[in-house]
Amino acid sequence: MSEYLPLLIGLLFISGILVSVLYPLLKQRLGWLLSLVPLGIFVLLFSTLGDLDIKATKIFPTNFSLLENISFPFRIDGLSLIFGLLISGIGFLVVLYASWYMKKYSRQAHFFTYLMLFMAAMTGLVFSDNLMALFIFWELTSVTSFLLIGFDHHLEKSRQAALQSLLITGFGGLCLLFAAILIGNITGTYEISKIIEQGISLTEHPQYTLVFILVLIAVLTKSAQFPFHFWLPGAMQAPTPVSAYLHSATMVNAGIYLLLRIQPLLGGTPIWKYSLILSGVITMFLGAYFSMGQKDLKRILAFTTISALGTMVLLIGIGTPLSIEASLVFFIVHGLYKGGLFMVAGIIDKSTGTRDITVLSKLWKPLPLTTIFAVLALISMAGLPPMLGFVGKELIYVAKIQLPGLSWIILPLGVGANIMMVAVSLTVFVEIFYNKSKKPAIPAKYTEKQLPWYFILGPGVLALAGLFLGLFPGGLNKMIANALFVTKNQIKDVHLLLWHGFNEVLVLSIFAILLGVLIFVLRKPVTRFIKKTIEWFDIYHLPTIFMTVMNLYLRIAGKNTQRIQHGYHRFYLMTFFVVTLIILSFQINWNFRELVPINGFSDIRFNIVILLIISTMALLFAVFSMSRLSAILAMGVVGYGIGLLFLLYGAVDLAITQFLAETVIMVLFVMVIYYLPKFANLSTKRSRIRDIIISLVVGAGVTIVVLHSRALNNYEPISSFFAENSYLQAHGRNIVNVILVDFRALDTLGEITVLTLAAVGVFSLFRFTVKKQSK
């Protein structure tokens, strides 16, 4: 069944495109229909788990390709299965969840279009076996996430957050493109599986450092790593279904996936190890630390997401089989509890109209099931048994302990981050669902009996899945083992257990829990202290710095635009000619003796000499004439003289074109000449001298280039090709016509299109002028 995966990915794109057609027919039921597509992908992927072997990898080529090296083969292995299952499974739940959450929004069709296209791009990204195809899907996630984050575009904060995320992740996408091009040039292919099979060592290549830096920037921007982490809290302006999907298992984890996928190509070097460890450990601790200073539930979850992403980057940087195993398990853990908690935040927002934890309390009464699901998710986030989060946390501790040389600093910071997670989990539960000492300032508008069951289904399924996998983690062994083989090219037995006995890891867990409870008890002074530190660092407020830099850039760009695009056509021409002459001066051979042909110049006929003299006199008359009409007539003489010159040398088609153009121009000038202002001398003597010098030098330069071209005969002229094939292939005897309508058909079509658009513009101007005069 797995061979149908490309078709289902295509169906995701098609469903997103067809939303505008289906929405008027289905209205609120559209979400149900759309949810069947990610559900089908989830069932398909789940059915492949039984056939999965440690070394199993399936690659499905497709017939669709953009260029010779940009095809769209899809790869199914343990790594893509882990990501694909969470993307499709959580996607199914989010689409159902959004069908009720978004029911009062006026632009539901737009929302589901963006969501399905994002889901398709993300699914294509994790199954792509071609680096260029992966980049295309990567950029599609950035564009569609921009549309989703800025969905409430009438709000300035939403627009700013969307623009901020697009600029940052778009910059990372460009870096990924450059890295992919470099890798393709080095290896001769863009297909990841072929690069691995060939055994090409990118780490020993001279361009490895550049490739890694580009990939690192792409990962740091996409996965909200320090110092690019600040766009993620701002993205909480998006509707909650967007936060539940993009910021749990999909977009922000694209960087994590990329690191795991290219680990066999670029991993294992000191720069890989220490760069990822440094960025990951800073992000991990800062995210957990700042989460305690927030009062908006979605911002709290955003900062804990930043911390989780930092943890995964840190584990990948460590690079041992155990740390990669821990990162894979923690990815599943994070997707399950964070997706559920974001959905809970949406339920609370819909029920009470606020997400401020300082004014919420005792919600366990109107929302009992939601409270249970939230508690299970918070237990997993805190890393407590029997949830899968406990298994993941234990693996993380083991991986950090076994890191030689750096465990003395990474382990304390990791334990500190987990301490904050315990405190945040307790704070969220007590403040929102239990606190009896706080009066319910915001009563619930909806109870669970008034909410549809599918609105609560998402957090329930994810919380119960975390509980089930925590009790029976062995179900993940085969999939994790295959993913480990893909990323490390090593066969390793994976035995996930809930209980490992009493050891130093368990002691660390108990210590973290106790200190987390202590911080929770002292949460008020701790929160005040954290807010103070946030104020201390406010001068380095990264979102503000980012927007300041962007505004400065726009101001500089505006000034440069005014300076360069000034609207004076004569200066544009002067600049073009001067720059062209400077470039030619470095390329032209200034040995004038070589300009004279060996056999000398051919004789010039008397009639051509007379024609050139008349054209030159007309040109001089046009330059010095004080009458606009006289100057126009003189320029017409010059134009017709050039046409006659073409005719005398046998270029009949050029001569006809020149005569027609000159006639049309003359007619147009005569029609508008009486509407023009009086003839005036608008240039100074100095500027006219400058223009004369430039024009003479340009003429001399063109003459020298033409003389040089007489001596060039490096390639066979293409005229013979057209002469031989115009009648045989294009079935036309007129070679010029055949070139225009056959060999250069697209070029001619473009010219016709430009002329048509110009004609439409001119007609519109005339029509507007006539209407204005009639009024």
# chains A, B, ... in the order shown; residues from 1 in each chain; ligands from 1

call {"tool": "residues_around", "arguments": {"residues": "region 336-342 of chain A", "least_positions_apart": "4", "cutoff": "7 Å", "atoms": "only C-alpha atoms", "output": "list in words"}}
result
Thr240, Ser243, Ala244, Tyr245, Ser248, Lys298, Ile332, Gly346, Ala374, Ala377, Ser380, Met381, Gly458, Pro459, Leu462, Ala463 and Gly466 of chain A

call {"tool": "write_last_selection", "arguments": {"atoms": "C-alpha atoms", "output": "CSV table (one decimal), in the first residue's frame"}}
result
chain,number,residue,atom,x,y,z
A,240,THR,CA,-5.1,28.1,18.0
A,243,SER,CA,-0.4,26.8,16.8
A,244,ALA,CA,-1.5,23.3,17.7
A,245,TYR,CA,-0.3,22.0,14.3
A,248,SER,CA,3.9,20.9,17.9
A,298,LYS,CA,-0.2,30.1,24.4
A,332,ILE,CA,7.2,11.9,19.6
A,346,GLY,CA,-8.1,26.8,22.4
A,374,ALA,CA,-4.6,18.5,30.2
A,377,ALA,CA,-0.3,16.2,28.9
A,380,SER,CA,4.2,14.2,30.2
A,381,MET,CA,5.7,17.7,29.8
A,458,GLY,CA,-7.8,15.9,19.7
A,459,PRO,CA,-6.4,16.5,23.2
A,462,LEU,CA,-3.0,12.6,22.1
A,463,ALA,CA,-3.1,12.4,25.9
A,466,GLY,CA,1.1,9.4,25.5

call {"tool": "atom_distance", "arguments": {"atom1": "CA of Ile195 (chain A)", "atom2": "CA of Phe72 (chain A)"}}
result
15.7 Å

call {"tool": "closest_atom_pairs", "arguments": {"of": "region 688-711 of chain A", "to": "region 557-571 of chain A", "cutoff": "12 Å", "atoms": "only C-alpha atoms", "output": "JSON lines"}}
result
{"residue": "A:Arg688", "atom": "CA", "partner": "A:Arg570", "partner_atom": "CA", "distance": 11.7}
{"residue": "A:Arg690", "atom": "CA", "partner": "A:Phe571", "partner_atom": "CA", "distance": 11.8}
{"residue": "A:Asp691", "atom": "CA", "partner": "A:Arg570", "partner_atom": "CA", "distance": 9.5}
{"residue": "A:Ile694", "atom": "CA", "partner": "A:Phe571", "partner_atom": "CA", "distance": 11.8}
{"residue": "A:Ser695", "atom": "CA", "partner": "A:Arg570", "partner_atom": "CA", "distance": 12.0}

call {"tool": "select_by_dssp", "arguments": {"residues": "region 247-484 of chain A", "states": "alpha helix (DSSP H)", "output": "ChimeraX atom specification"}}
result
/A:254-266,270-291,297-318,321-352,368-382,388-401,407-429,453-471,477-484

call {"tool": "residues_around", "arguments": {"residues": "region 737-739 of chain A", "least_positions_apart": "4", "cutoff": "10 Å", "atoms": "only C-alpha atoms", "output": "list in words"}}
result
Phe722, Asn725, Ser726, Tyr727, Gln729, Ala730, His731, Gly732, Arg733, Phe743, Arg744, Ala745 and Thr748 of chain A

call {"tool": "write_last_selection", "arguments": {"atoms": "C-alpha atoms", "output": "compact mmCIF listing (two decimals), in the first residue's frame"}}
result
# COMPACT_ATOMS: atom_id res chain seq x y z
CA PHE A 722 17.67 28.32 -40.42
CA ASN A 725 15.52 23.71 -41.74
CA SER A 726 12.98 26.46 -42.36
CA TYR A 727 11.28 24.60 -45.20
CA GLN A 729 10.89 21.32 -40.49
CA ALA A 730 8.73 24.44 -40.32
CA HIS A 731 7.32 24.17 -43.89
CA GLY A 732 7.90 27.85 -44.67
CA ARG A 733 9.84 29.44 -47.51
CA PHE A 743 11.84 28.97 -33.97
CA ARG A 744 11.27 32.05 -31.79
CA ALA A 745 7.57 31.55 -31.21
CA THR A 748 7.32 36.60 -30.47

call {"tool": "atom_distance", "arguments": {"atom1": "CA of Val252 (chain A)", "atom2": "CA of Pro452 (chain A)"}}
result
29.4 Å

call {"tool": "residues_around", "arguments": {"residues": "region 131-148 of chain A", "least_positions_apart": "6", "cutoff": "9 Å", "atoms": "only C-alpha atoms", "output": "PyMOL selection string"}}
result
chain A and resi 69-73+111+114-115+117-125+161-166+169-170+173-174+176-177+180-181+183-184+190-192+222+238-239+242+246+251+254

call {"tool": "atom_distance", "arguments": {"atom1": "CA of Met116 (chain A)", "atom2": "CA of Val329 (chain A)"}}
result
26.7 Å

call {"tool": "closest_residue", "arguments": {"among": "A:His708, A:Lys478, A:Lys685, A:Arg605", "to": "Gly50 (chain A)", "atoms": "only C-alpha atoms"}}
result
A:Lys478

call {"tool": "residues_around", "arguments": {"residues": "Gly643 (chain A)", "least_positions_apart": "6", "cutoff": "7 Å", "atoms": "only C-alpha atoms", "output": "count of residues only"}}
result
3

call {"tool": "residues_around", "arguments": {"residues": "Ile379 (chain A)", "least_positions_apart": "2", "cutoff": "9 Å", "atoms": "only C-alpha atoms", "output": "list in words"}}
result
Tyr337, Ala374, Val375, Leu376, Ala377, Met381, Ala382, Gly383, Leu384, Pro385, Pro386, Met387, Gly389, Phe390, Val422, Ser425 and Leu426 of chain A

call {"tool": "residues_around", "arguments": {"residues": "Phe285 (chain A)", "least_positions_apart": "5", "cutoff": "9 Å", "atoms": "only C-alpha atoms", "output": "list in words"}}
result
Gly280, Phe290, Ser307, Gly310, Thr311, Leu413, Gly414, Gly416, Ala417, Asn418 and Met420 of chain A

call {"tool": "write_last_selection", "arguments": {"atoms": "C-alpha atoms", "output": "PDB file, in the first residue's frame"}}
result
ATOM      1  CA  GLY A 280      20.732  23.815  21.651  1.00  0.00           C
ATOM      2  CA  PHE A 290      11.241  32.559  30.195  1.00  0.00           C
ATOM      3  CA  SER A 307      13.007  24.731  25.103  1.00  0.00           C
ATOM      4  CA  GLY A 310      16.660  23.279  21.877  1.00  0.00           C
ATOM      5  CA  THR A 311      16.777  19.933  23.666  1.00  0.00           C
ATOM      6  CA  LEU A 413      21.446  23.118  32.450  1.00  0.00           C
ATOM      7  CA  GLY A 414      19.361  20.189  31.271  1.00  0.00           C
ATOM      8  CA  GLY A 416      17.522  23.119  35.324  1.00  0.00           C
ATOM      9  CA  ALA A 417      15.324  23.171  32.222  1.00  0.00           C
ATOM     10  CA  ASN A 418      13.431  20.120  33.462  1.00  0.00           C
ATOM     11  CA  MET A 420      11.327  24.709  35.136  1.00  0.00           C
TER      12      MET A 420
END

call {"tool": "closest_residue", "arguments": {"among": "A:Leu451, A:Leu25, A:Leu464, A:Leu506", "to": "Tyr397 (chain A)", "atoms": "only C-alpha atoms"}}
result
A:Leu506

call {"tool": "closest_residue", "arguments": {"among": "A:Ile613, A:Ile704, A:Asp653, A:Val333", "to": "Asn734 (chain A)", "atoms": "only C-alpha atoms"}}
result
A:Asp653

call {"tool": "closest_residue", "arguments": {"among": "A:Val486, A:Ile9, A:Ile456, A:Asp603", "to": "Trp100 (chain A)", "atoms": "only C-alpha atoms"}}
result
A:Ile456

call {"tool": "closest_residue", "arguments": {"among": "A:Val359, A:Ala302, A:Ile480, A:Ser291", "to": "Phe83 (chain A)", "atoms": "only C-alpha atoms"}}
result
A:Ile480
